[in-house]
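Novice: Enclosed is the structure file final24.cif (mmCIF, C-alpha atoms and all ligand atoms).
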```
data_my_file
#
loop_
_atom_site.label_atom_id
_atom_site.label_comp_id
_atom_site.auth_asym_id
_atom_site.auth_seq_id
_atom_site.Cartn_x
_atom_site.Cartn_y
_atom_site.Cartn_z
CA MET K 222 -28.97 103.14 36.24
CA ALA K 223 -30.38 106.19 34.72
CA THR K 224 -33.93 104.82 34.50
CA ASP K 225 -34.40 107.10 31.52
CA GLY K 226 -31.41 105.84 29.50
CA PRO K 227 -30.40 102.49 27.99
CA GLY K 228 -28.81 100.02 30.34
CA HIS K 229 -28.41 96.33 31.08
CA VAL K 230 -31.79 94.64 31.44
CA VAL K 231 -32.05 91.11 32.85
CA VAL K 232 -35.23 89.29 31.78
CA LEU K 233 -36.51 86.30 33.75
CA GLY K 234 -38.83 84.12 31.65
CA GLY K 235 -37.61 85.96 28.54
CA SER K 236 -37.63 82.80 26.43
CA GLY K 237 -41.44 82.62 26.40
CA PHE K 238 -44.11 84.08 24.14
CA VAL K 239 -43.95 87.64 25.52
CA GLY K 240 -40.19 87.55 26.02
CA ARG K 241 -39.54 86.63 22.40
CA HIS K 242 -41.32 89.86 21.38
CA LEU K 243 -39.97 92.02 24.20
CA VAL K 244 -36.26 91.19 23.88
CA PRO K 245 -35.87 92.59 20.31
CA ARG K 246 -37.70 95.80 21.35
CA LEU K 247 -35.36 96.24 24.32
CA LEU K 248 -32.36 95.73 22.04
CA GLN K 249 -33.77 98.21 19.51
CA ALA K 250 -34.12 100.75 22.33
CA GLY K 251 -30.37 100.39 22.94
CA HIS K 252 -30.47 98.18 26.04
CA ARG K 253 -28.11 95.29 26.61
CA VAL K 254 -30.24 92.23 27.38
CA THR K 255 -29.60 89.05 29.33
CA VAL K 256 -32.29 86.36 29.39
CA LEU K 257 -32.35 83.91 32.28
CA THR K 258 -33.69 80.47 31.48
CA ARG K 259 -33.87 77.15 33.31
CA GLN K 260 -32.60 75.35 30.23
CA LEU K 261 -31.46 76.76 26.91
CA THR K 262 -32.93 74.39 24.34
CA PRO K 263 -32.10 74.84 20.61
CA ASP K 264 -35.69 76.06 20.06
CA LYS K 265 -35.31 78.79 22.65
CA ARG K 266 -31.91 79.89 21.29
CA ALA K 267 -33.31 80.03 17.76
CA ALA K 268 -36.30 82.09 18.90
CA LEU K 269 -34.20 84.60 20.85
CA SER K 270 -32.38 87.50 19.23
CA ARG K 271 -28.69 86.69 18.59
CA GLN K 272 -27.61 89.91 20.35
CA ALA K 273 -29.25 88.82 23.60
CA SER K 274 -27.04 87.02 26.12
CA VAL K 275 -28.51 83.98 27.80
CA ARG K 276 -27.68 82.51 31.22
CA GLU K 277 -28.92 79.13 32.32
CA GLY K 278 -29.90 78.64 35.94
CA ASP K 279 -32.61 78.25 38.51
CA VAL K 280 -34.63 81.43 39.04
CA HIS K 281 -35.62 80.10 42.48
CA ASP K 282 -31.94 80.20 43.54
CA ALA K 283 -31.06 83.53 45.23
CA GLY K 284 -27.33 83.00 44.58
CA PHE K 285 -27.86 82.51 40.84
CA LEU K 286 -30.04 85.63 40.65
CA ARG K 287 -27.58 87.72 42.67
CA SER K 288 -24.75 86.83 40.31
CA ALA K 289 -26.95 87.41 37.23
CA PHE K 290 -27.92 90.86 38.57
CA HIS K 291 -24.42 92.03 39.52
CA ASP K 292 -24.12 94.63 36.73
CA ALA K 293 -27.82 94.96 35.87
CA ASP K 294 -29.69 98.26 35.73
CA ALA K 295 -33.18 96.78 35.61
CA VAL K 296 -34.93 93.44 36.01
CA VAL K 297 -38.01 92.28 34.10
CA ASN K 298 -39.94 89.33 35.52
CA LEU K 299 -41.98 87.40 32.93
CA VAL K 300 -41.90 84.03 34.68
CA GLY K 301 -45.31 82.42 34.69
CA ILE K 302 -47.42 79.31 34.42
CA LEU K 303 -51.11 78.95 33.58
CA ASN K 304 -51.50 75.51 35.12
CA GLU K 305 -50.01 73.69 38.07
CA ARG K 306 -49.66 69.97 38.67
CA GLY K 307 -52.27 69.60 41.43
CA ASP K 308 -55.10 71.96 42.28
CA ASN K 309 -53.98 73.34 45.64
CA GLY K 310 -52.21 76.55 44.57
CA ALA K 311 -48.74 75.35 45.61
CA GLY K 312 -47.36 75.49 42.07
CA PHE K 313 -48.63 79.03 41.51
CA GLU K 314 -47.38 80.12 44.92
CA ARG K 315 -43.86 78.86 44.12
CA VAL K 316 -43.70 80.37 40.63
CA PHE K 317 -45.36 83.72 41.33
CA VAL K 318 -44.78 84.54 45.00
CA GLY K 319 -41.61 82.48 45.49
CA VAL K 320 -39.82 83.88 42.44
CA ALA K 321 -40.93 87.45 43.24
CA GLU K 322 -39.63 87.23 46.82
CA THR K 323 -36.36 85.62 45.76
CA LEU K 324 -35.67 88.15 43.01
CA ILE K 325 -36.52 91.10 45.29
CA ALA K 326 -34.00 89.85 47.88
CA ALA K 327 -31.39 89.27 45.14
CA MET K 328 -31.97 92.76 43.69
CA HIS K 329 -31.45 94.34 47.11
CA SER K 330 -28.26 92.43 47.66
CA ALA K 331 -26.97 93.22 44.13
CA GLY K 332 -27.95 96.90 44.50
CA VAL K 333 -30.40 96.91 41.55
CA ARG K 334 -33.47 99.10 42.06
CA ARG K 335 -35.62 98.99 38.90
CA LEU K 336 -38.16 96.15 38.60
CA LEU K 337 -40.78 95.59 35.91
CA GLN K 338 -43.14 92.88 37.09
CA MET K 339 -45.62 91.13 34.82
CA SER K 340 -48.91 90.36 36.55
CA ALA K 341 -52.43 89.81 35.20
CA LEU K 342 -55.76 91.61 35.08
CA HIS K 343 -57.75 90.98 38.31
CA ALA K 344 -54.67 89.83 40.28
CA GLY K 345 -55.80 89.16 43.84
CA VAL K 346 -59.51 89.05 42.88
CA GLY K 347 -61.81 86.03 42.69
CA GLN K 348 -61.38 82.41 43.66
CA SER K 349 -58.64 81.11 41.38
CA HIS K 350 -55.29 80.10 42.86
CA TYR K 351 -53.66 81.68 39.79
CA LEU K 352 -55.12 85.16 40.45
CA GLN K 353 -54.72 84.91 44.21
CA SER K 354 -51.00 84.05 43.90
CA ARG K 355 -50.63 86.87 41.39
CA GLY K 356 -52.10 89.21 44.00
CA ARG K 357 -49.64 88.05 46.67
CA ALA K 358 -46.73 88.49 44.23
CA GLU K 359 -47.94 92.04 43.52
CA LEU K 360 -48.02 92.74 47.26
CA ALA K 361 -44.43 91.53 47.64
CA VAL K 362 -43.39 93.84 44.78
CA ARG K 363 -45.32 96.84 46.17
CA GLU K 364 -43.73 96.37 49.57
CA SER K 365 -40.24 95.67 48.17
CA GLY K 366 -38.91 99.22 48.55
CA LEU K 367 -37.67 98.93 44.93
CA ASP K 368 -38.54 101.17 41.98
CA TRP K 369 -41.26 98.89 40.65
CA THR K 370 -43.84 99.01 37.87
CA LEU K 371 -46.63 96.43 37.55
CA PHE K 372 -48.33 95.34 34.32
CA ARG K 373 -51.74 93.69 34.32
CA PRO K 374 -52.67 92.48 30.82
CA SER K 375 -55.86 90.81 29.64
CA VAL K 376 -55.11 87.84 27.39
CA ILE K 377 -52.17 88.63 25.08
CA ALA K 378 -52.53 87.98 21.33
CA GLY K 379 -49.77 87.49 18.78
CA PRO K 380 -48.03 84.84 16.65
CA GLY K 381 -47.66 81.73 18.84
CA ASP K 382 -50.17 82.92 21.46
CA GLY K 383 -52.21 80.79 23.86
CA LEU K 384 -55.52 82.15 22.61
CA PHE K 385 -56.12 82.26 18.84
CA CYS K 386 -53.30 79.81 18.03
CA ARG K 387 -54.47 77.41 20.72
CA PHE K 388 -58.07 77.44 19.48
CA ASP K 389 -56.78 77.12 15.92
CA ALA K 390 -54.97 73.90 16.86
CA LEU K 391 -58.11 72.52 18.55
CA LEU K 392 -60.36 73.48 15.64
CA ARG K 393 -58.08 71.65 13.25
CA LEU K 394 -58.90 68.44 15.12
CA LEU K 395 -62.51 68.93 16.21
CA PRO K 396 -65.65 69.26 14.06
CA ALA K 397 -67.39 71.19 16.87
CA LEU K 398 -66.16 72.85 20.06
CA PRO K 399 -68.01 72.46 23.36
CA LEU K 400 -67.17 75.61 25.32
CA GLY K 401 -67.58 76.39 29.01
CA ARG K 402 -68.14 80.11 29.85
CA ALA K 403 -68.64 80.80 26.14
CA ASP K 404 -69.93 84.24 27.18
CA ALA K 405 -66.76 85.21 29.14
CA VAL K 406 -65.49 88.52 27.75
CA PHE K 407 -61.86 89.34 26.89
CA GLN K 408 -60.05 92.45 25.64
CA PRO K 409 -57.10 90.81 23.87
CA VAL K 410 -54.02 93.01 23.80
CA TRP K 411 -51.48 92.90 20.97
CA VAL K 412 -48.17 91.43 22.12
CA ILE K 413 -46.10 94.21 20.52
CA ASP K 414 -48.13 96.80 22.45
CA VAL K 415 -47.31 94.88 25.65
CA ALA K 416 -43.61 94.85 24.73
CA ASP K 417 -43.73 98.58 23.95
CA ALA K 418 -45.36 99.24 27.33
CA PHE K 419 -42.37 97.65 29.08
CA VAL K 420 -39.87 99.57 26.95
CA ARG K 421 -41.68 102.90 27.46
CA SER K 422 -41.93 102.31 31.17
CA LEU K 423 -38.16 101.78 31.44
CA ALA K 424 -37.64 105.16 29.78
CA GLU K 425 -40.25 106.90 31.91
CA PRO K 426 -39.38 107.47 35.59
CA GLY K 427 -42.99 108.59 36.15
CA SER K 428 -44.07 104.95 35.72
CA ILE K 429 -42.32 103.97 38.96
CA GLY K 430 -44.82 102.88 41.60
CA GLN K 431 -47.61 102.56 38.99
CA TYR K 432 -49.89 99.79 37.71
CA PHE K 433 -50.78 99.59 34.05
CA GLU K 434 -53.80 97.56 32.96
CA LEU K 435 -53.07 96.48 29.39
CA VAL K 436 -56.13 95.85 27.22
CA GLY K 437 -56.99 96.03 23.55
CA PRO K 438 -59.65 98.30 22.04
CA GLU K 439 -62.04 95.39 21.23
CA ARG K 440 -64.12 93.14 23.48
CA PHE K 441 -64.96 89.59 22.40
CA SER K 442 -66.74 86.72 24.07
CA LEU K 443 -64.93 83.39 24.11
CA ALA K 444 -67.44 82.07 21.55
CA GLN K 445 -66.68 85.04 19.25
CA ILE K 446 -62.94 84.37 19.56
CA VAL K 447 -63.45 80.75 18.50
CA ARG K 448 -65.69 81.74 15.57
CA MET K 449 -63.23 84.43 14.40
CA THR K 450 -60.41 81.87 14.48
CA ALA K 451 -62.40 79.31 12.48
CA ARG K 452 -63.53 81.93 9.95
CA ALA K 453 -59.98 83.20 9.41
CA ARG K 454 -59.03 79.65 8.37
CA GLY K 455 -62.13 79.17 6.22
CA ARG K 456 -63.39 76.47 8.58
CA HIS K 457 -67.01 75.90 9.53
CA ARG K 458 -67.18 74.84 13.15
CA ALA K 459 -70.09 74.81 15.57
CA VAL K 460 -69.54 76.29 19.03
CA MET K 461 -71.64 74.57 21.69
CA ALA K 462 -72.04 76.79 24.75
CA LEU K 463 -72.04 74.53 27.83
CA SER K 464 -74.13 75.11 30.95
CA PRO K 465 -72.11 76.11 34.06
CA GLY K 466 -72.39 72.55 35.41
CA LEU K 467 -71.10 70.99 32.19
CA GLY K 468 -68.40 73.68 31.90
CA ARG K 469 -67.12 72.78 35.37
CA LEU K 470 -67.16 69.09 34.45
CA GLN K 471 -65.29 69.78 31.20
CA ALA K 472 -62.63 71.68 33.20
CA ALA K 473 -62.26 68.83 35.71
CA ILE K 474 -61.76 66.33 32.85
CA GLY K 475 -59.63 68.73 30.78
CA GLU K 476 -56.93 68.98 33.42
CA HIS K 477 -56.20 65.26 32.96
CA LEU K 478 -55.98 65.43 29.16
CA PRO K 479 -52.65 65.79 27.30
CA GLY K 480 -51.73 69.47 27.00
CA LYS K 481 -54.29 70.34 29.72
CA PRO K 482 -56.65 72.30 27.43
CA ILE K 483 -58.51 73.59 30.53
CA SER K 484 -58.29 73.07 34.29
CA ARG K 485 -60.51 73.68 37.31
CA ASP K 486 -58.38 76.69 38.18
CA ASN K 487 -58.73 78.09 34.63
CA TRP K 488 -62.49 77.68 35.11
CA ARG K 489 -62.35 79.70 38.33
CA SER K 490 -60.34 82.46 36.56
CA LEU K 491 -62.87 82.44 33.71
CA GLN K 492 -65.64 83.50 36.09
CA LEU K 493 -64.28 87.06 35.83
CA ASP K 494 -64.50 88.89 32.51
CA SER K 495 -60.96 89.85 31.47
CA THR K 496 -61.79 93.50 30.75
CA SER K 497 -60.84 96.89 32.17
CA GLU K 498 -61.99 100.50 31.89
CA HIS K 499 -58.38 101.67 32.38
CA ASP K 500 -56.29 102.05 29.25
CA GLY K 501 -52.76 101.57 30.59
CA LEU K 502 -51.36 101.62 27.06
CA ALA K 503 -52.76 105.13 26.49
CA GLU K 504 -51.27 106.21 29.84
CA LEU K 505 -47.89 105.18 28.40
CA GLY K 506 -48.54 107.00 25.11
CA ILE K 507 -49.31 103.83 23.12
CA THR K 508 -52.36 103.49 20.86
CA ALA K 509 -53.79 100.01 21.40
CA THR K 510 -53.86 97.81 18.28
CA ALA K 511 -57.08 96.02 17.24
CA VAL K 512 -56.16 92.33 17.23
CA SER K 513 -58.98 91.54 14.78
CA ALA K 514 -56.87 93.33 12.13
CA LYS K 515 -53.91 91.09 13.05
CA LEU K 516 -55.64 87.71 12.96
CA HIS K 517 -54.01 86.45 9.77
CA GLU K 518 -50.58 87.53 11.04
CA ILE K 519 -51.27 85.76 14.35
CA LEU K 520 -52.27 82.50 12.68
CA ARG K 521 -49.62 82.52 9.95
N1 LIG E 601 -49.82 85.12 27.46
C1 LIG E 601 -50.85 85.73 28.04
O1 LIG E 601 -51.96 85.83 27.49
C2 LIG E 601 -50.68 86.34 29.40
C3 LIG E 601 -51.74 87.07 29.97
C4 LIG E 601 -51.57 87.63 31.24
C5 LIG E 601 -50.37 87.49 31.90
N2 LIG E 601 -49.35 86.77 31.32
C6 LIG E 601 -48.10 86.60 32.04
O2 LIG E 601 -47.04 87.13 31.27
C7 LIG E 601 -45.83 86.40 31.56
C8 LIG E 601 -45.25 85.90 30.25
O3 LIG E 601 -46.24 85.13 29.63
P1 LIG E 601 -45.92 84.19 28.38
O4 LIG E 601 -47.19 84.01 27.65
O5 LIG E 601 -44.71 84.70 27.69
O6 LIG E 601 -45.57 82.83 29.13
P2 LIG E 601 -44.65 81.60 28.61
O7 LIG E 601 -44.54 81.64 27.14
O8 LIG E 601 -45.21 80.39 29.24
O9 LIG E 601 -43.23 81.95 29.24
C9 LIG E 601 -43.07 82.03 30.62
C10 LIG E 601 -41.64 81.75 30.98
O10 LIG E 601 -41.62 81.43 32.38
C11 LIG E 601 -40.59 80.48 32.62
N3 LIG E 601 -41.14 79.41 33.49
C12 LIG E 601 -42.20 78.62 33.23
N4 LIG E 601 -42.40 77.78 34.27
C13 LIG E 601 -41.44 78.04 35.18
C14 LIG E 601 -41.11 77.48 36.43
N5 LIG E 601 -41.82 76.48 36.96
N6 LIG E 601 -40.06 77.98 37.10
C15 LIG E 601 -39.33 78.98 36.56
N7 LIG E 601 -39.58 79.53 35.36
C16 LIG E 601 -40.63 79.07 34.68
C17 LIG E 601 -40.18 79.88 31.30
O11 LIG E 601 -38.82 80.20 31.08
P3 LIG E 601 -37.70 79.06 30.85
O12 LIG E 601 -38.42 77.84 30.36
O13 LIG E 601 -36.81 79.65 29.81
O14 LIG E 601 -37.04 78.87 32.16
C18 LIG E 601 -41.04 80.56 30.26
O15 LIG E 601 -40.33 80.98 29.15
C19 LIG E 601 -46.23 85.29 32.51
O16 LIG E 601 -46.04 85.72 33.83
C20 LIG E 601 -47.71 85.13 32.24
O17 LIG E 601 -48.39 84.55 33.32
C21 LIG E 601 -49.48 86.20 30.09
#
```
Taking this structure as input, can you express it in the form of structure tokens?
Specialist:
Amino acid sequence: MATDGPGHVVVLGGSGFVGRHLVPRLLQAGHRVTVLTRQLTPDKRAALSRQASVREGDVHDAGFLRSAFHDADAVVNLVGILNERGDNGAGFERVFVGVAETLIAAMHSAGVRRLLQMSALHAGVGQSHYLQSRGRAELAVRESGLDWTLFRPSVIAGPGDGLFCRFDALLRLLPALPLGRADAVFQPVWVIDVADAFVRSLAEPGSIGQYFELVGPERFSLAQIVRMTARARGRHRAVMALSPGLGRLQAAIGEHLPGKPISRDNWRSLQLDSTSEHDGLAELGITATAVSAKLHEILR
């Protein structure tokens, strides 16, 4: 494809939170979009733009990917999980490294060169299986010989997110919130800015072979994020900052609770502040949005 013109973009994991915001932006930019999903439920179909095509199949299956890529100009990989079943890294390895390696092989055999790979801030750093697998997936992409671009966001904020909306749901149930690593710092990035970064990158051949760290203009501790969420709803909730020992214990218990509010691997990831000095959005010509100004929209 002309990397600088509209084309056919295949999005793996496009039914998720980021994908639901990215797909309409790709369509607006004139691209034809196909979303790959393991199973097209009515919820997913309703959340996806009507103009987007959807193909059901297993993204671990090289044959399925090859056939899905046959007339593609670019591939976007948004597949991800935040938790795995056990705590040995095998689930992350399969979803991050396995899918990256399979899609790279399928792109080579289908003759597609352009790859936009979602990663995460601090991929390859620290002790968490999540970040370590992310790092190995990045390595596979960097060594793929394809025209790749990597995106490393901090936590992503927007309607239906796993940050403000998740805490909002917890605060609805709990009179007070015990919080491990209450002082962990985040630079939440607005989901539309993330989507725009992908769209801009597709139109910008100079982004090939580059990493973009995607962060918002504001820094908040976890405790501040919880308090902002409660305040936006007019709720009065106490935040109880836990000691490191109690935080670890909470994470070990949390991974056995319904919905897995926190896991031991999340706890390991939380040891690193999710912040960056590099403004990848600015490098792509995007002015980062302050999520504090979007809180009511996020929680609506
Ligand atoms: N949200 C954030 O704050 C954040 C921050 C940093 C990085 N990221 C990364 O950004 C990407 C998109 O995030 P998101 O928030 O949109 O995630 P999401 O809502 O959970 O969507 C991820 C998609 O991955 C697919 N998927 C999940 N488990 C899978 C599995 N075991 N095998 C194959 N496919 C699977 C799902 O597609 P189907 O069910 O349709 O198959 C799902 O729609 C992910 O890689 C995520 O790790 C997100």
Novice: Between chain K and ligand LIG 601 (chain E), at 7 Å or less, what are the per-residue closest atom pairs and their distances in Å? Count only C-alpha atoms and all ligand atoms, order by chain and rising residue number, and return it as CSV.
Specialist:
```
residue,atom,partner,partner_atom,distance
K:Gly234,CA,E:LIG601,C10,3.7
K:Gly235,CA,E:LIG601,O15,5.7
K:Ser236,CA,E:LIG601,O15,4.2
K:Gly237,CA,E:LIG601,O7,3.3
K:Phe238,CA,E:LIG601,O5,3.7
K:Val239,CA,E:LIG601,O5,3.7
K:Gly240,CA,E:LIG601,O5,5.6
K:Leu257,CA,E:LIG601,O13,6.6
K:Thr258,CA,E:LIG601,O13,3.6
K:Arg259,CA,E:LIG601,O14,3.8
K:Gln260,CA,E:LIG601,O14,6.0
K:Leu261,CA,E:LIG601,O13,6.7
K:Val280,CA,E:LIG601,C15,5.9
K:Leu299,CA,E:LIG601,C7,4.2
K:Val300,CA,E:LIG601,O10,3.5
K:Gly301,CA,E:LIG601,O16,3.5
K:Ile302,CA,E:LIG601,N4,5.3
K:Leu303,CA,E:LIG601,O17,6.2
K:Val316,CA,E:LIG601,N6,5.6
K:Met339,CA,E:LIG601,O16,5.5
K:Ser340,CA,E:LIG601,C5,5.7
K:Ala341,CA,E:LIG601,C5,4.5
K:Leu342,CA,E:LIG601,C4,6.9
K:Arg373,CA,E:LIG601,C5,6.8
K:Pro374,CA,E:LIG601,C4,5.0
K:Ser375,CA,E:LIG601,C3,5.6
K:Val376,CA,E:LIG601,O1,3.7
K:Ile377,CA,E:LIG601,O1,3.7
K:Ala378,CA,E:LIG601,O1,6.5
K:Asp382,CA,E:LIG601,N1,6.4
K:Gly383,CA,E:LIG601,N1,6.1
```
Novice: Determine the nearest neighbour of K:Ala403 from the options K:Gln431, K:Gln492, K:Trp369, K:Ile474, counting all atoms listed in the file.
Specialist: K:Gln492
Novice: Please report the interatomic distance between atom CA of K:Asp308 and atom CA of K:Arg469 in Å with one decimal.
Specialist: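 Separation between atom CA of K:Asp308 and atom CA of K:Arg469: 13.9 Å.
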Novice: Tell me which protein, DNA and RNA residues are within 8 Å of K:Ala331, counting only C-alpha atoms, leaving out same-chain ones fewer than 2 positions away, and put them as a compact mmCIF listing (two decimals) with C-alpha atoms, in the frame of the given file.
Specialist:
```txt
# COMPACT_ATOMS: atom_id res chain seq x y z
CA ARG K 287 -27.58 87.72 42.67
CA SER K 288 -24.75 86.83 40.31
CA PHE K 290 -27.92 90.86 38.57
CA HIS K 291 -24.42 92.03 39.52
CA ALA K 327 -31.39 89.27 45.14
CA MET K 328 -31.97 92.76 43.69
CA HIS K 329 -31.45 94.34 47.11
CA VAL K 333 -30.40 96.91 41.55
```
Novice: Quote the spacing between atom CA of K:Arg306 and atom CA of K:Arg276 in Å to one decimal place.
Specialist: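 Atom-to-atom, atom CA of K:Arg306 to atom CA of K:Arg276, that is 26.4 Å.
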Novice: How many Å separate atom CA of K:Ala390 from atom CA of K:Gly455?
Specialist: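 Computing it gives 13.9 Å between the two atoms.
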Novice: Residues near stretch 501-504 of chain K, anyone? I mean within 7 Å using all atoms listed in the file, not counting same-chain ones fewer than 4 positions away, as a compact mmCIF listing (two decimals) with C-alpha atoms, keeping the file's coordinate frame.
Specialist:
```txt
# COMPACT_ATOMS: atom_id res chain seq x y z
CA ALA K 418 -45.36 99.24 27.33
CA PHE K 433 -50.78 99.59 34.05
CA GLU K 434 -53.80 97.56 32.96
CA LEU K 435 -53.07 96.48 29.39
CA THR K 508 -52.36 103.49 20.86
CA ALA K 509 -53.79 100.01 21.40
```
Novice: Residues near K:His477, anyone? I mean within 12 Å using all atoms listed in the file, not counting same-chain ones fewer than 6 positions away, as number ranges by chain.
Specialist: K: 304-308, 470-471, 483-485
Novice: Can you tell me, as a ChimeraX atom specification, what residues are no more than 10 Å from K:Gln338 when counting only C-alpha atoms, ignoring any on the same chain fewer than 2 positions away?
Specialist: /K:233,296-300,321,335-336,340-341,358-359,362,369-373,419,432
Novice: Could you write out the selected residues, including C-alpha atoms, as a PDB file, keeping the file's coordinate frame?
Specialist:
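Output contents, as saved in selection_26.pdb:
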```
ATOM      1  CA  LEU K 233     -36.510  86.300  33.750  1.00  0.00           C
ATOM      2  CA  VAL K 296     -34.930  93.440  36.010  1.00  0.00           C
ATOM      3  CA  VAL K 297     -38.010  92.280  34.100  1.00  0.00           C
ATOM      4  CA  ASN K 298     -39.940  89.330  35.520  1.00  0.00           C
ATOM      5  CA  LEU K 299     -41.980  87.400  32.930  1.00  0.00           C
ATOM      6  CA  VAL K 300     -41.900  84.030  34.680  1.00  0.00           C
ATOM      7  CA  ALA K 321     -40.930  87.450  43.240  1.00  0.00           C
ATOM      8  CA  ARG K 335     -35.620  98.990  38.900  1.00  0.00           C
ATOM      9  CA  LEU K 336     -38.160  96.150  38.600  1.00  0.00           C
ATOM     10  CA  SER K 340     -48.910  90.360  36.550  1.00  0.00           C
ATOM     11  CA  ALA K 341     -52.430  89.810  35.200  1.00  0.00           C
ATOM     12  CA  ALA K 358     -46.730  88.490  44.230  1.00  0.00           C
ATOM     13  CA  GLU K 359     -47.940  92.040  43.520  1.00  0.00           C
ATOM     14  CA  VAL K 362     -43.390  93.840  44.780  1.00  0.00           C
ATOM     15  CA  TRP K 369     -41.260  98.890  40.650  1.00  0.00           C
ATOM     16  CA  THR K 370     -43.840  99.010  37.870  1.00  0.00           C
ATOM     17  CA  LEU K 371     -46.630  96.430  37.550  1.00  0.00           C
ATOM     18  CA  PHE K 372     -48.330  95.340  34.320  1.00  0.00           C
ATOM     19  CA  ARG K 373     -51.740  93.690  34.320  1.00  0.00           C
ATOM     20  CA  PHE K 419     -42.370  97.650  29.080  1.00  0.00           C
ATOM     21  CA  TYR K 432     -49.890  99.790  37.710  1.00  0.00           C
TER      22      TYR K 432
END
```
Novice: Give me, as a list in words, all polymer residues having an atom no more than 8 Å from K:Thr450, counting only C-alpha atoms and skipping those fewer than 5 positions away in the same chain.
Specialist: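 Result of the neighbour search: Phe385, Phe388, Asp389 and Leu516 of chain K.
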Novice: For the residues in the current selection, export C-alpha atoms as a PDB file, in the frame of the given file.
Specialist:
```pdb
ATOM      1  CA  PHE K 385     -56.120  82.260  18.840  1.00  0.00           C
ATOM      2  CA  PHE K 388     -58.070  77.440  19.480  1.00  0.00           C
ATOM      3  CA  ASP K 389     -56.780  77.120  15.920  1.00  0.00           C
ATOM      4  CA  LEU K 516     -55.640  87.710  12.960  1.00  0.00           C
TER       5      LEU K 516
END
```
Novice: Find, counting all atoms listed in the file, the residue in K:Gly480, K:Pro399, K:Gly347, K:Gly427 that gets nearest to K:Leu443.
Specialist: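 Of the candidates, the smallest distance to K:Leu443 is held by K:Pro399.
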Novice: Nearest to K:Ala473: which of K:Gly401, K:Pro409, K:Pro426, K:Gly437 is it, counting all atoms listed in the file?
Specialist: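 Going through K:Gly401, K:Pro409, K:Pro426, K:Gly437 one by one, the smallest distance to K:Ala473 is for K:Gly401.
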Novice: Counting all atoms listed in the file, figure out which residue out of K:Leu360, K:Leu243, K:Met449, K:Ile429 gets nearest to K:Leu384.
Specialist: K:Met449
Novice: Go through K:Ser349, K:Thr255, K:Thr510, K:Asn487 and flag the residue nearest K:Asp414, using only C-alpha atoms for the distances.
Specialist: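 Among K:Ser349, K:Thr255, K:Thr510, K:Asn487, it is K:Thr510 that comes nearest to K:Asp414.
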Novice: With all atoms listed in the file as the atoms that count, which of K:Lys265, K:Ala293, K:Arg454, K:Gly366 lies nearest to K:Val232?
Specialist: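 Of K:Lys265, K:Ala293, K:Arg454, K:Gly366, the one nearest K:Val232, counting all atoms listed in the file, is K:Ala293.
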